[in-house]
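Some notes on the structure that comes next.
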Amino acid sequence: MIRRIFIIARARIREFYRDKTGLGWNFLFPLLIILGFSFLFSEDGKNFAKVGIIESPAMVEVQGSLDRFMESRHLDLIYFETLEEGLSSLERQRIDLLVHPGDGRYWVAEGSPGGYAAERFLIAADHLHAQGFSRSIVTGESLAYVEWLFPGILGMNVMFGSLFGVGYIIVRYRKTGVLKRMSVTPLRPWEFLTAQVISRLFLILVNSAIVLGICHLLYGFQIRGSLPALFLIFALGGFAMVSLAVIVASRTESEEFAEGVLNLMAWPMMFLSEVWFSLEGAEGWVKQLSEFLPMTHLITGARKVMNEGAGFSEVYPHMLALLLISFILMTTGAALFRWHRDN
């Protein structure tokens, strides 16, 4: 028994090392991820809290506290011209804490770990002064961090389901000869790809509806905007992700290579599309780069509908962007697609 197990294991190891593309990506992928993120977040990655500062002359009573607070390490200071602009970012969890030096008040984002830590820093800076900053309550509807995070989690689920549910499967079909057998049938490549898109979009919408329903019952999450607009955003986002997967899977037979490339696409999108945290205060070029990612438009549109009560008129620019990205990617993928490598 042990001998048989050893023979099978040895054969699988040899098969893996014979796949040069897969072997290369297994070593190259983690290095590229580390290199990319060390470059993108070399500065922002050191800061654990985003603090908004209203640009106004500080009161004499809080000037000392403000100076000490702003000298604290690991705080990302973001300046706002008006209080309304700062409160809007705070309510949408784009910053963790907001300070108004002009009247000595500050506000904390509900449920934000960074906001809690930044408030401790501010209180510590205040302790030498008889009169310092006073905490104020957000008068508008404050959004809990978990509720801000929820659309990002749904978008991430759409991304992984589309990339691996289509790209990886097509590669496996090609490797096992399924596509080669399909090539001698009347089925055309565009018909096969259309079927992949339809099946995946159906699964995305059903899965998203179930998750939304369960979270509404368990946690009370609400959809403040148009439900049809939300599902259309999910459908277009899924279409864009499927189109991206088709490009990766258009010719390769290596599952390891496809997995590496799909991961290389997925992880940067997770960090640059505001799944876990806001890009408020990031470098301008980082924000511009994120605008070219389908995940950014998917999550931004979903957040506007779910958290801000938006409808079709407010999110149609994101819909158009997803539609354009999908058209470009799917056209490219269809042109590159081959039933088998011998074609």
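Going by the structure tokens order, chains are called A, B, ..., each with residues numbered from 1, while ligands are numbered from 1 in the order shown.
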
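The shell of residues at most 10 Å from Met156 of chain A, with only C-alpha atoms counted and near chain neighbours (fewer than 2 positions) removed, consists of Phe150, Pro151, Gly152, Ile153, Leu154, Val158, Met159, Phe160, Gly161, Ser162, Ala266, Trp267, Met269, Met270, Ser273, Val275, Met295, Leu298 and Ile299 of chain A.
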
Would you please extract all strand (DSSP E or B) residues from segment 86-296 of chain A, as assigned by DSSP on the backbone, and give them as a tab-separated table (two decimals) with C-alpha atoms, in the first residue's frame?
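Printed below is result_36.tsv as written:
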chain	number	residue	atom	x	y	z
A	97	LEU	CA	-11.37	60.20	12.64
A	98	LEU	CA	-12.13	63.85	11.82
A	99	VAL	CA	-10.67	66.82	13.71
A	100	HIS	CA	-11.89	70.41	13.46
A	105	ARG	CA	-14.29	69.20	18.10
A	106	TYR	CA	-13.60	65.75	16.71
A	107	TRP	CA	-15.68	62.85	15.38
A	108	VAL	CA	-14.95	59.10	15.23
A	134	SER	CA	-14.29	67.57	22.77
A	135	ARG	CA	-15.95	64.60	21.10

Output as CSV one row per residue of segment 219-295 of chain A within 8 Å of segment 324-337 of chain A: the closest atom pair and its distance in Å to one decimal place, counting only C-alpha atoms, sorted by chain and residue number ascending.
residue,atom,partner,partner_atom,distance
A:Leu236,CA,A:Ser326,CA,7.8
A:Phe239,CA,A:Ser326,CA,6.2
A:Ala240,CA,A:Ser326,CA,4.3
A:Met241,CA,A:Ser326,CA,7.8
A:Ser243,CA,A:Met330,CA,4.6
A:Leu244,CA,A:Leu329,CA,5.9
A:Val246,CA,A:Gly333,CA,5.3
A:Ile247,CA,A:Gly333,CA,4.2
A:Val248,CA,A:Gly333,CA,7.9
A:Ala249,CA,A:Phe337,CA,7.8
A:Ser250,CA,A:Phe337,CA,4.2
A:Arg251,CA,A:Phe337,CA,6.0
A:Pro294,CA,A:Ile325,CA,7.0

Could you save those same residues with all heavy atoms as a compact mmCIF listing (two decimals), in the first residue's frame?
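Full text of part.txt as output:
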# COMPACT_ATOMS: atom_id res chain seq x y z
N LEU A 236 -23.06 43.01 -14.60
CA LEU A 236 -22.04 43.62 -15.47
C LEU A 236 -20.63 43.39 -14.90
O LEU A 236 -19.68 43.16 -15.66
CB LEU A 236 -22.31 45.11 -15.62
CG LEU A 236 -23.56 45.49 -16.43
CD1 LEU A 236 -23.80 46.99 -16.38
CD2 LEU A 236 -23.44 45.01 -17.87
N PHE A 239 -19.76 39.87 -15.73
CA PHE A 239 -19.46 39.78 -17.15
C PHE A 239 -18.03 40.23 -17.43
O PHE A 239 -17.28 39.59 -18.19
CB PHE A 239 -20.46 40.64 -17.94
CG PHE A 239 -20.34 40.52 -19.44
CD1 PHE A 239 -19.75 39.42 -20.03
CD2 PHE A 239 -20.84 41.53 -20.26
CE1 PHE A 239 -19.64 39.32 -21.42
CE2 PHE A 239 -20.74 41.45 -21.63
CZ PHE A 239 -20.13 40.34 -22.22
N ALA A 240 -17.61 41.33 -16.79
CA ALA A 240 -16.25 41.82 -16.98
C ALA A 240 -15.22 40.82 -16.45
O ALA A 240 -14.18 40.59 -17.08
CB ALA A 240 -16.08 43.18 -16.28
N MET A 241 -15.51 40.23 -15.29
CA MET A 241 -14.57 39.25 -14.71
C MET A 241 -14.48 37.99 -15.57
O MET A 241 -13.40 37.42 -15.76
CB MET A 241 -15.00 38.89 -13.29
CG MET A 241 -15.00 40.05 -12.33
SD MET A 241 -13.39 40.81 -12.10
CE MET A 241 -13.84 42.16 -11.02
N SER A 243 -14.99 37.84 -18.76
CA SER A 243 -14.25 38.22 -19.97
C SER A 243 -12.75 38.21 -19.71
O SER A 243 -11.95 37.79 -20.56
CB SER A 243 -14.69 39.61 -20.44
OG SER A 243 -16.09 39.65 -20.67
N LEU A 244 -12.35 38.67 -18.53
CA LEU A 244 -10.93 38.64 -18.16
C LEU A 244 -10.44 37.20 -18.05
O LEU A 244 -9.33 36.87 -18.50
CB LEU A 244 -10.75 39.37 -16.83
CG LEU A 244 -9.32 39.65 -16.36
CD1 LEU A 244 -8.56 40.49 -17.37
CD2 LEU A 244 -9.35 40.36 -15.00
N VAL A 246 -11.59 34.63 -19.68
CA VAL A 246 -11.52 34.03 -21.01
C VAL A 246 -10.19 34.33 -21.68
O VAL A 246 -9.61 33.48 -22.36
CB VAL A 246 -12.71 34.53 -21.87
CG1 VAL A 246 -12.50 34.16 -23.34
CG2 VAL A 246 -14.02 33.95 -21.36
N ILE A 247 -9.67 35.55 -21.48
CA ILE A 247 -8.36 35.90 -22.06
C ILE A 247 -7.28 34.98 -21.50
O ILE A 247 -6.45 34.45 -22.24
CB ILE A 247 -8.02 37.37 -21.79
CG1 ILE A 247 -8.97 38.29 -22.56
CG2 ILE A 247 -6.58 37.68 -22.16
CD1 ILE A 247 -8.71 39.77 -22.35
N VAL A 248 -7.29 34.78 -20.18
CA VAL A 248 -6.27 33.93 -19.55
C VAL A 248 -6.38 32.50 -20.05
O VAL A 248 -5.37 31.83 -20.30
CB VAL A 248 -6.42 33.98 -18.02
CG1 VAL A 248 -5.44 33.02 -17.35
CG2 VAL A 248 -6.21 35.39 -17.50
N ALA A 249 -7.62 32.01 -20.20
CA ALA A 249 -7.84 30.60 -20.54
C ALA A 249 -7.96 30.37 -22.04
O ALA A 249 -8.29 29.25 -22.46
CB ALA A 249 -9.11 30.10 -19.85
N SER A 250 -7.69 31.37 -22.86
CA SER A 250 -7.97 31.25 -24.29
C SER A 250 -7.13 30.19 -24.99
O SER A 250 -7.59 29.57 -25.97
CB SER A 250 -7.75 32.61 -24.98
OG SER A 250 -6.42 33.05 -24.78
N ARG A 251 -5.91 29.90 -24.48
CA ARG A 251 -5.05 28.94 -25.18
C ARG A 251 -4.30 27.96 -24.27
O ARG A 251 -3.96 26.88 -24.71
CB ARG A 251 -4.01 29.70 -26.03
CG ARG A 251 -4.64 30.56 -27.10
CD ARG A 251 -3.64 30.97 -28.15
NE ARG A 251 -4.28 31.80 -29.19
CZ ARG A 251 -3.72 32.10 -30.34
NH1 ARG A 251 -2.51 31.65 -30.63
NH2 ARG A 251 -4.35 32.85 -31.22
N PRO A 294 -12.06 46.61 -13.33
CA PRO A 294 -13.51 46.37 -13.26
C PRO A 294 -14.02 46.21 -11.84
O PRO A 294 -15.15 46.59 -11.52
CB PRO A 294 -13.68 45.05 -14.05
CG PRO A 294 -12.33 44.43 -14.10
CD PRO A 294 -11.34 45.55 -14.08

Considering only C-alpha atoms, return as a ChimeraX atom specification whatever protein or nucleic-acid residues lie within 9 Å of Phe277 of chain A, sequence-local ones (same chain, fewer than 4 positions apart) excluded. /A:93-94,149,271,273

Can you spit out the residues from that selection as a PDB file, in the first residue's frame, using N, CA and C atoms?
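Writing the result to selection-v5.pdb gives the following:
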ATOM      1  N   GLN A  93     -17.019  55.866   5.974  1.00  0.00           N
ATOM      2  CA  GLN A  93     -15.874  55.061   6.402  1.00  0.00           C
ATOM      3  C   GLN A  93     -14.637  55.259   5.523  1.00  0.00           C
ATOM      4  N   ARG A  94     -14.526  56.411   4.890  1.00  0.00           N
ATOM      5  CA  ARG A  94     -13.340  56.697   4.080  1.00  0.00           C
ATOM      6  C   ARG A  94     -12.205  57.246   4.938  1.00  0.00           C
ATOM      7  N   LEU A 149     -18.169  47.445   4.542  1.00  0.00           N
ATOM      8  CA  LEU A 149     -17.353  46.351   4.013  1.00  0.00           C
ATOM      9  C   LEU A 149     -18.172  45.366   3.178  1.00  0.00           C
ATOM     10  N   PHE A 271      -6.895  44.778  -3.406  1.00  0.00           N
ATOM     11  CA  PHE A 271      -6.298  45.841  -2.613  1.00  0.00           C
ATOM     12  C   PHE A 271      -6.463  47.223  -3.230  1.00  0.00           C
ATOM     13  N   SER A 273      -9.165  48.128  -5.166  1.00  0.00           N
ATOM     14  CA  SER A 273     -10.574  48.419  -5.454  1.00  0.00           C
ATOM     15  C   SER A 273     -11.379  48.706  -4.197  1.00  0.00           C
TER      16      SER A 273
END

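Closest approach to Glu255 of chain A from the set A:Gly237, A:Gly309, A:Pro189, A:Gly167 is made by A:Gly167, with distances taken over only C-alpha atoms.
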
Would you list the contacts of Met306 of chain A as a VMD selection string, taking every protein, DNA or RNA residue within 7 Å and counting only C-alpha atoms, but skipping same-chain residues closer than 6 positions in sequence? chain A and resid 222 to 225
